[in-house]
>>> print(open('query_31.txt').read())   # compact mmCIF, C-alpha atoms
# COMPACT_ATOMS: atom_id res chain seq x y z
CA GLU A 13 -17.67 -95.73 -268.33
CA LEU A 14 -19.54 -96.72 -265.17
CA ASN A 15 -19.75 -94.70 -261.95
CA GLN A 16 -19.34 -91.43 -263.81
CA PHE A 17 -21.51 -88.39 -264.46
CA THR A 18 -21.77 -87.29 -268.08
CA LYS A 19 -22.63 -83.72 -268.97
CA LYS A 20 -25.66 -83.52 -271.29
CA SER A 21 -27.35 -80.76 -273.23
CA LEU A 22 -28.66 -77.69 -271.42
CA LEU A 23 -32.32 -77.20 -270.66
CA LYS A 24 -34.10 -74.45 -272.57
CA GLU A 25 -34.55 -72.60 -269.27
CA LYS A 26 -32.67 -72.88 -266.00
CA ARG A 27 -35.00 -73.91 -263.22
CA ALA A 28 -35.24 -75.19 -259.64
CA TYR A 29 -38.12 -76.59 -257.55
CA HIS A 30 -39.64 -78.16 -260.68
CA THR A 31 -40.82 -81.72 -261.28
CA SER A 32 -39.69 -84.31 -263.80
CA THR A 33 -41.66 -87.36 -264.93
CA MET A 34 -40.52 -90.30 -267.05
CA LEU A 35 -42.95 -90.89 -269.91
CA ALA A 36 -43.89 -94.24 -271.45
CA ASP A 37 -41.82 -93.49 -274.57
CA GLY A 38 -38.65 -92.92 -272.51
CA ARG A 39 -38.67 -89.13 -272.71
CA VAL A 40 -38.78 -86.95 -269.58
CA LEU A 41 -41.32 -84.17 -269.02
CA ILE A 42 -39.94 -81.30 -266.90
CA ILE A 43 -42.57 -78.96 -265.48
CA GLY A 44 -42.52 -75.45 -264.03
CA GLY A 45 -40.15 -74.38 -261.30
CA ASN A 46 -38.40 -71.23 -260.22
CA ALA A 47 -35.77 -69.25 -262.12
CA GLU A 48 -34.10 -66.73 -259.78
CA GLY A 49 -37.35 -65.84 -258.04
CA ARG A 50 -39.56 -66.00 -261.13
CA LYS A 51 -42.11 -68.82 -261.32
CA LEU A 52 -42.16 -70.67 -264.64
CA SER A 53 -45.09 -71.75 -266.78
CA SER A 54 -42.86 -73.50 -269.29
CA THR A 55 -42.37 -77.24 -269.63
CA GLU A 56 -39.66 -79.13 -271.47
CA ILE A 57 -39.46 -82.56 -273.05
CA TYR A 58 -36.02 -84.15 -272.80
CA ASP A 59 -35.14 -86.91 -275.25
CA PRO A 60 -32.24 -88.94 -273.79
CA ILE A 61 -31.49 -90.68 -277.10
CA ALA A 62 -31.14 -87.44 -279.05
CA ASP A 63 -29.77 -85.66 -275.96
CA GLN A 64 -32.04 -82.76 -276.76
CA SER A 65 -34.60 -80.72 -274.83
CA SER A 66 -37.52 -79.00 -276.51
CA PHE A 67 -40.32 -76.89 -275.10
CA GLY A 68 -43.52 -78.70 -274.21
CA PRO A 69 -46.97 -77.24 -273.54
CA SER A 70 -47.12 -74.10 -271.41
CA LEU A 71 -48.91 -74.28 -268.07
CA LYS A 72 -51.86 -71.98 -267.66
CA VAL A 73 -50.55 -71.10 -264.19
CA ALA A 74 -46.82 -70.63 -263.52
CA ARG A 75 -45.81 -72.62 -260.45
CA SER A 76 -43.01 -74.16 -258.41
CA HIS A 77 -43.03 -76.54 -255.39
CA HIS A 78 -46.01 -78.32 -256.98
CA GLN A 79 -46.74 -82.02 -257.34
CA THR A 80 -47.20 -84.08 -260.49
CA VAL A 81 -49.06 -87.38 -260.43
CA LEU A 82 -49.00 -89.81 -263.35
CA ILE A 83 -52.55 -91.11 -263.88
CA ASN A 84 -51.68 -93.51 -266.68
CA ASP A 85 -49.34 -93.63 -269.68
CA SER A 86 -51.32 -90.88 -271.42
CA LEU A 87 -52.31 -88.47 -268.64
CA LEU A 88 -50.51 -86.42 -265.97
CA ALA A 89 -51.93 -84.15 -263.26
CA VAL A 90 -50.11 -80.99 -262.09
CA ILE A 91 -51.37 -79.88 -258.68
CA GLY A 92 -50.97 -76.79 -256.49
CA GLY A 93 -47.62 -75.17 -255.80
CA GLN A 94 -46.36 -71.64 -255.28
CA GLY A 95 -47.06 -68.75 -257.61
CA ASP A 96 -45.29 -65.40 -257.48
CA ASN A 97 -47.79 -63.93 -255.01
CA GLU A 98 -49.83 -66.80 -253.58
CA VAL A 99 -50.10 -70.54 -253.12
CA ILE A 100 -51.96 -72.19 -255.98
CA ASN A 101 -55.18 -74.19 -255.81
CA SER A 102 -55.58 -75.07 -259.49
CA ILE A 103 -55.16 -78.49 -261.09
CA GLU A 104 -53.90 -78.84 -264.67
CA LEU A 105 -54.03 -82.01 -266.75
CA ILE A 106 -51.60 -82.81 -269.54
CA GLN A 107 -52.40 -85.40 -272.20
CA LEU A 108 -49.13 -87.16 -272.98
CA ASN A 109 -49.90 -88.81 -276.31
CA GLY A 110 -48.16 -86.93 -279.14
CA LEU A 111 -46.83 -84.36 -276.68
CA THR A 112 -45.29 -81.26 -278.33
CA SER A 113 -44.99 -77.53 -277.72
CA ASN A 114 -48.33 -77.14 -279.50
CA SER A 115 -50.11 -79.34 -276.94
CA THR A 116 -52.28 -77.62 -274.36
CA THR A 117 -53.11 -78.24 -270.72
CA THR A 118 -56.63 -78.56 -269.35
CA ILE A 119 -57.78 -76.97 -266.11
CA ALA A 120 -59.90 -79.22 -263.88
CA SER A 121 -63.51 -78.13 -263.39
CA ASN A 122 -62.93 -76.93 -259.82
CA THR A 123 -60.00 -76.20 -257.53
CA LEU A 124 -58.55 -77.35 -254.25
CA LYS A 125 -60.36 -75.78 -251.31
CA LYS A 126 -56.95 -74.94 -249.91
CA GLY A 127 -54.11 -73.78 -252.13
CA ARG A 128 -50.86 -75.38 -251.00
CA SER A 129 -47.22 -76.15 -251.73
CA HIS A 130 -44.76 -78.73 -250.31
CA PHE A 131 -47.52 -81.33 -249.87
CA ALA A 132 -48.07 -85.08 -250.21
CA ALA A 133 -49.92 -86.51 -253.20
CA GLY A 134 -50.48 -89.90 -254.78
CA LYS A 135 -52.90 -91.81 -256.98
CA ILE A 136 -54.67 -94.72 -255.35
CA PRO A 137 -54.27 -97.81 -257.56
CA SER A 138 -57.39 -99.14 -259.31
CA LYS A 139 -59.11 -95.82 -258.65
CA ASN A 140 -58.71 -92.57 -260.56
CA ILE A 141 -58.49 -90.73 -257.24
CA ILE A 142 -55.57 -88.57 -256.14
CA VAL A 143 -55.13 -87.97 -252.41
CA VAL A 144 -53.62 -84.57 -251.54
CA ALA A 145 -52.46 -84.09 -247.94
CA GLY A 146 -50.71 -81.47 -245.84
CA GLY A 147 -48.32 -78.84 -247.17
CA PHE A 148 -48.07 -75.11 -246.58
CA ASP A 149 -51.22 -73.09 -247.31
CA TYR A 150 -49.38 -69.76 -247.51
CA LEU A 151 -46.20 -68.56 -249.18
CA THR A 152 -43.08 -69.52 -247.27
CA THR A 153 -39.50 -68.76 -248.22
CA ALA A 154 -38.18 -72.07 -246.89
CA PRO A 155 -39.86 -75.22 -245.54
CA ASP A 156 -38.00 -75.04 -242.22
CA ASN A 157 -39.74 -71.69 -241.61
CA GLY A 158 -43.20 -73.02 -242.51
CA LYS A 159 -46.24 -74.06 -240.53
CA GLY A 160 -47.89 -77.17 -241.96
CA THR A 161 -51.58 -77.78 -242.60
CA ASP A 162 -53.48 -80.96 -241.72
CA SER A 163 -55.95 -80.71 -244.61
CA ILE A 164 -56.70 -83.65 -246.92
CA GLU A 165 -58.50 -83.36 -250.27
CA LEU A 166 -59.52 -85.86 -252.94
CA ILE A 167 -59.34 -85.30 -256.71
CA GLU A 168 -61.34 -87.45 -259.11
CA ILE A 169 -59.76 -87.79 -262.57
CA VAL A 170 -62.27 -88.38 -265.36
CA THR A 171 -60.07 -89.95 -268.02
CA ASN A 172 -62.61 -89.82 -270.86
CA ASN A 173 -63.44 -86.14 -270.23
CA ILE A 174 -60.51 -84.62 -268.39
CA SER A 175 -62.05 -81.14 -268.09
CA ALA A 176 -64.66 -82.78 -265.82
CA SER A 177 -61.96 -83.86 -263.36
CA LYS A 178 -62.64 -82.24 -260.01
CA VAL A 179 -62.12 -82.10 -256.27
CA ILE A 180 -64.75 -84.33 -254.68
CA CYS A 181 -66.28 -84.81 -251.23
CA GLY A 182 -65.82 -81.08 -250.68
CA ASP A 183 -68.32 -81.01 -247.82
CA GLN A 184 -66.05 -83.32 -245.83
CA ASN A 185 -63.43 -81.91 -243.49
CA TYR A 186 -60.72 -84.52 -243.80
CA ILE A 187 -57.73 -83.87 -241.56
CA MET A 188 -54.60 -85.78 -240.64
CA LYS A 189 -53.65 -86.58 -237.07
CA ASN A 190 -50.88 -83.97 -237.41
CA ALA A 191 -50.38 -80.94 -239.60
CA ARG A 192 -47.52 -81.71 -242.00
CA GLY A 193 -45.69 -79.33 -244.30
CA ALA A 194 -42.97 -80.79 -246.53
CA PRO A 195 -43.66 -84.44 -245.66
CA GLY A 196 -42.40 -87.37 -247.64
CA SER A 197 -45.04 -89.47 -249.37
CA VAL A 198 -45.49 -92.56 -251.51
CA VAL A 199 -48.32 -94.94 -252.39
CA THR A 200 -47.70 -98.40 -250.94
CA GLY A 201 -50.13 -101.26 -250.58
CA GLY A 202 -52.85 -99.16 -252.21
CA LYS A 203 -52.60 -96.46 -249.54
CA LEU A 204 -50.81 -93.11 -249.25
CA LEU A 205 -48.00 -93.14 -246.69
CA VAL A 206 -47.22 -89.62 -245.40
CA VAL A 207 -44.00 -89.33 -243.40
CA GLY A 208 -42.56 -86.63 -241.12
CA GLY A 209 -42.91 -82.98 -242.04
CA VAL A 210 -43.22 -79.68 -240.19
CA ASP A 211 -46.28 -79.29 -237.97
CA GLY A 212 -48.38 -76.20 -237.28
CA GLY A 213 -45.97 -75.10 -234.55
CA ARG A 214 -42.87 -75.42 -236.78
CA LYS A 215 -41.86 -78.65 -235.02
CA ILE A 216 -40.31 -81.35 -237.20
CA LEU A 217 -42.11 -84.67 -236.76
CA ASN A 218 -41.03 -88.30 -236.36
CA THR A 219 -44.52 -89.73 -236.95
CA ALA A 220 -46.20 -91.03 -240.10
CA GLU A 221 -49.77 -91.59 -241.25
CA ILE A 222 -51.54 -93.85 -243.72
CA ILE A 223 -54.50 -92.56 -245.73
CA SER A 224 -56.75 -95.13 -247.39
CA ILE A 225 -60.02 -94.97 -249.29
CA ASN A 226 -62.81 -97.24 -248.05
CA ASN A 227 -65.77 -96.26 -250.24
CA ILE A 228 -65.33 -93.28 -252.52
CA ASP A 229 -69.05 -93.16 -253.33
CA MET A 230 -69.69 -92.58 -249.62
CA CYS A 231 -66.65 -90.28 -249.27
CA SER A 232 -65.33 -92.71 -246.66
CA ILE A 233 -61.59 -92.66 -245.93
CA ASP A 234 -59.38 -93.87 -243.08
CA ILE A 235 -56.51 -91.89 -241.56
CA ASN A 236 -54.26 -93.74 -239.12
CA GLU A 237 -50.84 -93.19 -237.60
CA THR A 238 -48.31 -95.95 -238.16
CA ILE A 239 -47.47 -98.05 -235.13
CA GLY A 240 -43.76 -97.32 -235.38
CA ARG A 241 -42.09 -93.91 -235.49
CA LEU A 242 -39.13 -92.61 -237.43
CA SER A 243 -35.76 -92.93 -235.74
CA VAL A 244 -35.03 -89.31 -236.74
CA ASN A 245 -37.45 -86.37 -236.87
CA ARG A 246 -37.34 -85.21 -240.50
CA ALA A 247 -39.05 -83.19 -243.21
CA SER A 248 -38.56 -83.28 -247.00
CA PRO A 249 -37.24 -86.86 -247.09
CA THR A 250 -37.01 -88.93 -250.25
CA MET A 251 -39.25 -92.01 -250.37
CA THR A 252 -38.42 -95.02 -252.56
CA LEU A 253 -40.53 -98.15 -253.02
CA PHE A 254 -38.74 -101.49 -253.11
CA GLY A 255 -39.42 -105.14 -252.44
CA ALA A 256 -42.96 -106.06 -251.42
CA ASP A 257 -44.25 -102.48 -251.07
CA ASP A 258 -41.66 -101.57 -248.43
CA VAL A 259 -40.28 -98.03 -248.45
CA MET A 260 -36.78 -96.64 -248.02
CA ILE A 261 -36.75 -93.20 -246.39
CA THR A 262 -33.61 -91.13 -246.89
CA GLY A 263 -32.36 -87.66 -246.08
CA GLY A 264 -34.44 -84.61 -245.36
CA PHE A 265 -33.78 -81.95 -242.77
CA SER A 266 -34.19 -81.88 -239.00
CA TYR A 267 -33.53 -79.49 -236.12
CA ASP A 268 -30.95 -79.57 -233.33
CA TYR A 269 -32.60 -77.99 -230.31
CA THR A 270 -29.30 -77.98 -228.38
CA TYR A 271 -27.54 -75.77 -230.92
CA ASN A 272 -30.71 -74.21 -232.36
CA LYS A 273 -29.95 -74.98 -235.97
CA THR A 274 -31.32 -76.96 -238.88
CA PHE A 275 -29.24 -79.84 -240.20
CA SER A 276 -29.43 -82.35 -243.05
CA VAL A 277 -30.17 -85.96 -242.13
CA ALA A 278 -27.80 -88.80 -243.01
CA GLN A 279 -29.71 -91.64 -241.35
CA SER A 280 -31.83 -93.77 -243.69
CA GLU A 281 -34.56 -96.16 -242.56
CA ILE A 282 -37.00 -98.72 -243.92
CA TYR A 283 -40.77 -98.73 -243.49
CA THR A 284 -42.12 -102.27 -243.59
CA ARG A 285 -45.76 -102.40 -244.56
CA ALA A 286 -48.15 -104.58 -242.55
CA ARG A 287 -49.10 -107.67 -244.55
>>> encode(input="query_31.txt", output="structure tokens")
Amino acid sequence: ELNQFTKKSLLKEKRAYHTSTMLADGRVLIIGGNAEGRKLSSTEIYDPIADQSSFGPSLKVARSHHQTVLINDSLLAVIGGQGDNEVINSIELIQLNGLTSNSTTTIASNTLKKGRSHFAAGKIPSKNIIVVAGGFDYLTTAPDNGKGTDSIELIEIVTNNISASKVICGDQNYIMKNARGAPGSVVTGGKLLVVGGVDGGRKILNTAEIISINNIDMCSIDINETIGRLSVNRASPTMTLFGADDVMITGGFSYDYTYNKTFSVAQSEIYTRAR
């Protein structure tokens, strides 16, 4: 019956602040998260046809509030996040072909210069480069209490030798125009769009930035604010691509300075990419 929710099988572990990624074979890979204050290293593979979840490979580092980026149909990157006592700077790679509980993850050959959670991340098309931007570089109990960072880092994924994957251009000090913790992000038009977030002074932003790679061999990137601004200051929005690389921005949280309280955002808006 349409327009209904149907209860399905339970996960092997209860979890929040995890990620889930649709795989090429139709299964869903669920990674990490938090179970009543305890960070999880477990992953699960949910099969919607069998309506069954089974354990997948264990992470080497338990984490929540991380990002996962699909490199291709056979490789996934797990980046940063929160551990029990610190923000995480490690990068783990999961090979998706023949994925089972006996599979293992591979740690990249170096780490982020700045451990972080609640950040923006996306793979630039036609390049095996992941852009990581903003986030919180210390443990925070809630994003509305955080102070964002402006740091940008680049990860090169070496698909034929994944243990050689690494953070590159480490001698560069890439920074956004604004610090942004808990921004929304999506890759559109071959560039990473980073929207809203909480700045270094705990102010919620209505601006957005576009990060693009000019020449990776020269470590050359561009960082520019969009011409237009959001109609509502917001952090933690959901970003959805549609049409010709346009983006729908929904929800998130904002702050009412009259009543001194945080509130959830109902207003949605569309970002139209320059063509």
>>> closest_atom_pairs(input="query_31.txt", of="range 184-278 of chain A", to="range 118-139 of chain A", cutoff="8 Å", atoms="only C-alpha atoms", output="JSON lines")
{"residue": "A:Arg192", "atom": "CA", "partner": "A:Phe131", "partner_atom": "CA", "distance": 7.9}
{"residue": "A:Gly193", "atom": "CA", "partner": "A:His130", "partner_atom": "CA", "distance": 6.1}
{"residue": "A:Ala194", "atom": "CA", "partner": "A:His130", "partner_atom": "CA", "distance": 4.7}
{"residue": "A:Pro195", "atom": "CA", "partner": "A:Ala132", "partner_atom": "CA", "distance": 6.4}
{"residue": "A:Gly196", "atom": "CA", "partner": "A:Ala132", "partner_atom": "CA", "distance": 6.6}
{"residue": "A:Ser197", "atom": "CA", "partner": "A:Ala132", "partner_atom": "CA", "distance": 5.4}
{"residue": "A:Val198", "atom": "CA", "partner": "A:Gly134", "partner_atom": "CA", "distance": 6.5}
{"residue": "A:Val199", "atom": "CA", "partner": "A:Gly134", "partner_atom": "CA", "distance": 6.0}
{"residue": "A:Gly202", "atom": "CA", "partner": "A:Pro137", "partner_atom": "CA", "distance": 5.7}
{"residue": "A:Lys203", "atom": "CA", "partner": "A:Ile136", "partner_atom": "CA", "distance": 6.4}
{"residue": "A:Leu204", "atom": "CA", "partner": "A:Gly134", "partner_atom": "CA", "distance": 6.4}
{"residue": "A:Val206", "atom": "CA", "partner": "A:Ala132", "partner_atom": "CA", "distance": 6.7}
>>> write_last_selection(input="query_31.txt", atoms="C-alpha atoms", output="PDB file, in the frame of the given file")
ATOM      1  CA  ARG A 192     -47.520 -81.710-242.000  1.00  0.00           C
ATOM      2  CA  GLY A 193     -45.690 -79.330-244.300  1.00  0.00           C
ATOM      3  CA  ALA A 194     -42.970 -80.790-246.530  1.00  0.00           C
ATOM      4  CA  PRO A 195     -43.660 -84.440-245.660  1.00  0.00           C
ATOM      5  CA  GLY A 196     -42.400 -87.370-247.640  1.00  0.00           C
ATOM      6  CA  SER A 197     -45.040 -89.470-249.370  1.00  0.00           C
ATOM      7  CA  VAL A 198     -45.490 -92.560-251.510  1.00  0.00           C
ATOM      8  CA  VAL A 199     -48.320 -94.940-252.390  1.00  0.00           C
ATOM      9  CA  GLY A 202     -52.850 -99.160-252.210  1.00  0.00           C
ATOM     10  CA  LYS A 203     -52.600 -96.460-249.540  1.00  0.00           C
ATOM     11  CA  LEU A 204     -50.810 -93.110-249.250  1.00  0.00           C
ATOM     12  CA  VAL A 206     -47.220 -89.620-245.400  1.00  0.00           C
TER      13      VAL A 206
END
>>> closest_residue(input="query_31.txt", among="A:Gly213, A:Leu87, A:Tyr150, A:Lys189", to="Val170 in chain A", atoms="only C-alpha atoms")
A:Leu87
>>> atom_distance(input="query_31.txt", atom1="CA of Gly68 in chain A", atom2="CA of Thr112 in chain A")
5.2 Å
>>> atom_distance(input="query_31.txt", atom1="CA of Ser86 in chain A", atom2="CA of Ile169 in chain A")
12.6 Å
>>> axis_aligned_box(input="query_31.txt", around="range 17-30 of chain A", padding_each_side="8 Å", output="lines of an AutoDock Vina configuration file")
center_x = -30.6
center_y = -80.5
center_z = -265.4
size_x = 34.1
size_y = 31.8
size_z = 31.7
>>> atom_distance(input="query_31.txt", atom1="CA of Ala89 in chain A", atom2="CA of Ile142 in chain A")
9.1 Å
>>> residues_around(input="query_31.txt", residues="range 246-258 of chain A", least_positions_apart="5", cutoff="7 Å", atoms="all atoms listed in the file", output="short mmCIF file (atom, residue, chain, number, x, y, z; two decimals) with C-alpha atoms, in the coordinates of the input")
data_model
loop_
_atom_site.label_atom_id
_atom_site.label_comp_id
_atom_site.auth_asym_id
_atom_site.auth_seq_id
_atom_site.Cartn_x
_atom_site.Cartn_y
_atom_site.Cartn_z
CA ALA A 194 -42.97 -80.79 -246.53
CA PRO A 195 -43.66 -84.44 -245.66
CA GLY A 196 -42.40 -87.37 -247.64
CA SER A 197 -45.04 -89.47 -249.37
CA VAL A 198 -45.49 -92.56 -251.51
CA THR A 200 -47.70 -98.40 -250.94
CA GLY A 201 -50.13 -101.26 -250.58
CA GLY A 208 -42.56 -86.63 -241.12
CA GLY A 209 -42.91 -82.98 -242.04
CA VAL A 210 -43.22 -79.68 -240.19
CA ILE A 216 -40.31 -81.35 -237.20
CA LEU A 217 -42.11 -84.67 -236.76
CA ASN A 218 -41.03 -88.30 -236.36
CA GLY A 263 -32.36 -87.66 -246.08
CA GLY A 264 -34.44 -84.61 -245.36
CA PHE A 265 -33.78 -81.95 -242.77
CA SER A 266 -34.19 -81.88 -239.00
CA TYR A 283 -40.77 -98.73 -243.49
CA THR A 284 -42.12 -102.27 -243.59
CA ARG A 285 -45.76 -102.40 -244.56
#
>>> residues_around(input="query_31.txt", residues="range 27-29 of chain A", least_positions_apart="5", cutoff="9 Å", atoms="all atoms listed in the file", output="JSON, numbers by chain")
{"A": [44, 45, 46, 47, 48, 51, 52, 76, 77, 78]}
>>> closest_residue(input="query_31.txt", among="A:Ile223, A:Asn140, A:Thr55, A:Lys26", to="Ile83 in chain A", atoms="all atoms listed in the file")
A:Asn140
>>> residues_around(input="query_31.txt", residues="Ile282 in chain A", least_positions_apart="4", cutoff="7 Å", atoms="only C-alpha atoms", output="ChimeraX atom specification")
/A:259-261
>>> closest_residue(input="query_31.txt", among="A:Thr238, A:Thr153, A:Ser232, A:Ser243", to="Cys181 in chain A", atoms="only C-alpha atoms")
A:Ser232
>>> closest_residue(input="query_31.txt", among="A:Glu104, A:Leu151, A:Thr219, A:Asn114", to="Ser177 in chain A", atoms="all atoms listed in the file")
A:Glu104
>>> closest_residue(input="query_31.txt", among="A:Glu165, A:Glu25, A:Asp156, A:Asp229", to="Ile91 in chain A", atoms="all atoms listed in the file")
A:Glu165
>>> residues_around(input="query_31.txt", residues="Met230 in chain A", least_positions_apart="6", cutoff="12 Å", atoms="only C-alpha atoms", output="JSON, numbers by chain")
{"A": [180, 181, 183, 184]}
>>> decode(input="query_31.txt", residues="range 192-221 of chain A", atoms="N, CA and C atoms", output="mmCIF file, in the first residue's frame")
data_model
loop_
_atom_site.group_PDB
_atom_site.id
_atom_site.type_symbol
_atom_site.label_atom_id
_atom_site.label_comp_id
_atom_site.auth_asym_id
_atom_site.auth_seq_id
_atom_site.Cartn_x
_atom_site.Cartn_y
_atom_site.Cartn_z
ATOM 1 N N ARG A 192 32.924 27.016 9.310
ATOM 2 C CA ARG A 192 31.597 26.417 9.172
ATOM 3 C C ARG A 192 31.583 25.047 9.829
ATOM 4 N N GLY A 193 30.912 24.944 10.962
ATOM 5 C CA GLY A 193 30.632 23.649 11.559
ATOM 6 C C GLY A 193 29.221 23.241 11.215
ATOM 7 N N ALA A 194 29.012 21.962 10.954
ATOM 8 C CA ALA A 194 27.698 21.431 10.585
ATOM 9 C C ALA A 194 27.085 22.141 9.380
ATOM 10 N N PRO A 195 27.862 22.331 8.293
ATOM 11 C CA PRO A 195 27.259 22.882 7.084
ATOM 12 C C PRO A 195 26.550 21.787 6.303
ATOM 13 N N GLY A 196 25.758 22.188 5.331
ATOM 14 C CA GLY A 196 25.278 21.248 4.336
ATOM 15 C C GLY A 196 26.269 21.230 3.183
ATOM 16 N N SER A 197 26.323 20.118 2.456
ATOM 17 C CA SER A 197 27.253 20.076 1.323
ATOM 18 C C SER A 197 26.783 19.080 0.285
ATOM 19 N N VAL A 198 27.144 19.367 -0.970
ATOM 20 C CA VAL A 198 26.864 18.460 -2.076
ATOM 21 C C VAL A 198 27.776 18.857 -3.234
ATOM 22 N N VAL A 199 28.135 17.885 -4.059
ATOM 23 C CA VAL A 199 28.913 18.174 -5.263
ATOM 24 C C VAL A 199 27.937 18.485 -6.393
ATOM 25 N N THR A 200 28.103 19.657 -7.012
ATOM 26 C CA THR A 200 27.257 20.060 -8.120
ATOM 27 C C THR A 200 28.119 20.771 -9.149
ATOM 28 N N GLY A 201 27.935 20.417 -10.410
ATOM 29 C CA GLY A 201 28.731 21.035 -11.454
ATOM 30 C C GLY A 201 30.220 20.800 -11.298
ATOM 31 N N GLY A 202 30.597 19.674 -10.684
ATOM 32 C CA GLY A 202 32.006 19.347 -10.504
ATOM 33 C C GLY A 202 32.689 20.104 -9.389
ATOM 34 N N LYS A 203 31.895 20.772 -8.537
ATOM 35 C CA LYS A 203 32.446 21.564 -7.440
ATOM 36 C C LYS A 203 31.700 21.242 -6.148
ATOM 37 N N LEU A 204 32.355 21.460 -5.005
ATOM 38 C CA LEU A 204 31.710 21.213 -3.716
ATOM 39 C C LEU A 204 31.021 22.482 -3.232
ATOM 40 N N LEU A 205 29.703 22.404 -3.079
ATOM 41 C CA LEU A 205 28.911 23.501 -2.532
ATOM 42 C C LEU A 205 28.766 23.284 -1.033
ATOM 43 N N VAL A 206 29.185 24.280 -0.237
ATOM 44 C CA VAL A 206 29.145 24.189 1.225
ATOM 45 C C VAL A 206 28.225 25.309 1.722
ATOM 46 N N VAL A 207 27.170 24.931 2.440
ATOM 47 C CA VAL A 207 26.070 25.855 2.729
ATOM 48 C C VAL A 207 25.867 26.016 4.233
ATOM 49 N N GLY A 208 25.732 27.288 4.670
ATOM 50 C CA GLY A 208 25.392 27.580 6.060
ATOM 51 C C GLY A 208 26.415 27.064 7.040
ATOM 52 N N GLY A 209 25.946 26.665 8.218
ATOM 53 C CA GLY A 209 26.825 26.169 9.261
ATOM 54 C C GLY A 209 26.967 27.141 10.414
ATOM 55 N N VAL A 210 27.765 26.740 11.388
ATOM 56 C CA VAL A 210 28.013 27.540 12.597
ATOM 57 C C VAL A 210 29.441 28.066 12.510
ATOM 58 N N ASP A 211 29.625 29.362 12.631
ATOM 59 C CA ASP A 211 30.970 29.925 12.472
ATOM 60 C C ASP A 211 31.775 29.832 13.766
ATOM 61 N N GLY A 212 32.965 30.421 13.762
ATOM 62 C CA GLY A 212 33.848 30.332 14.921
ATOM 63 C C GLY A 212 33.360 31.085 16.136
ATOM 64 N N GLY A 213 32.340 31.925 15.967
ATOM 65 C CA GLY A 213 31.762 32.656 17.085
ATOM 66 C C GLY A 213 30.392 32.139 17.474
ATOM 67 N N ARG A 214 30.074 30.911 17.039
ATOM 68 C CA ARG A 214 28.789 30.245 17.286
ATOM 69 C C ARG A 214 27.612 30.948 16.608
ATOM 70 N N LYS A 215 27.888 31.734 15.574
ATOM 71 C CA LYS A 215 26.820 32.367 14.805
ATOM 72 C C LYS A 215 26.431 31.459 13.652
ATOM 73 N N ILE A 216 25.123 31.304 13.431
ATOM 74 C CA ILE A 216 24.627 30.486 12.330
ATOM 75 C C ILE A 216 24.580 31.341 11.060
ATOM 76 N N LEU A 217 25.102 30.790 9.971
ATOM 77 C CA LEU A 217 25.368 31.556 8.757
ATOM 78 C C LEU A 217 24.260 31.429 7.718
ATOM 79 N N ASN A 218 24.168 32.447 6.855
ATOM 80 C CA ASN A 218 23.268 32.386 5.699
ATOM 81 C C ASN A 218 24.048 32.474 4.390
ATOM 82 N N THR A 219 25.367 32.257 4.457
ATOM 83 C CA THR A 219 26.202 32.308 3.266
ATOM 84 C C THR A 219 26.562 30.896 2.804
ATOM 85 N N ALA A 220 27.114 30.815 1.608
ATOM 86 C CA ALA A 220 27.549 29.539 1.045
ATOM 87 C C ALA A 220 28.818 29.765 0.235
ATOM 88 N N GLU A 221 29.590 28.705 0.060
ATOM 89 C CA GLU A 221 30.851 28.785 -0.678
ATOM 90 C C GLU A 221 30.946 27.627 -1.659
#
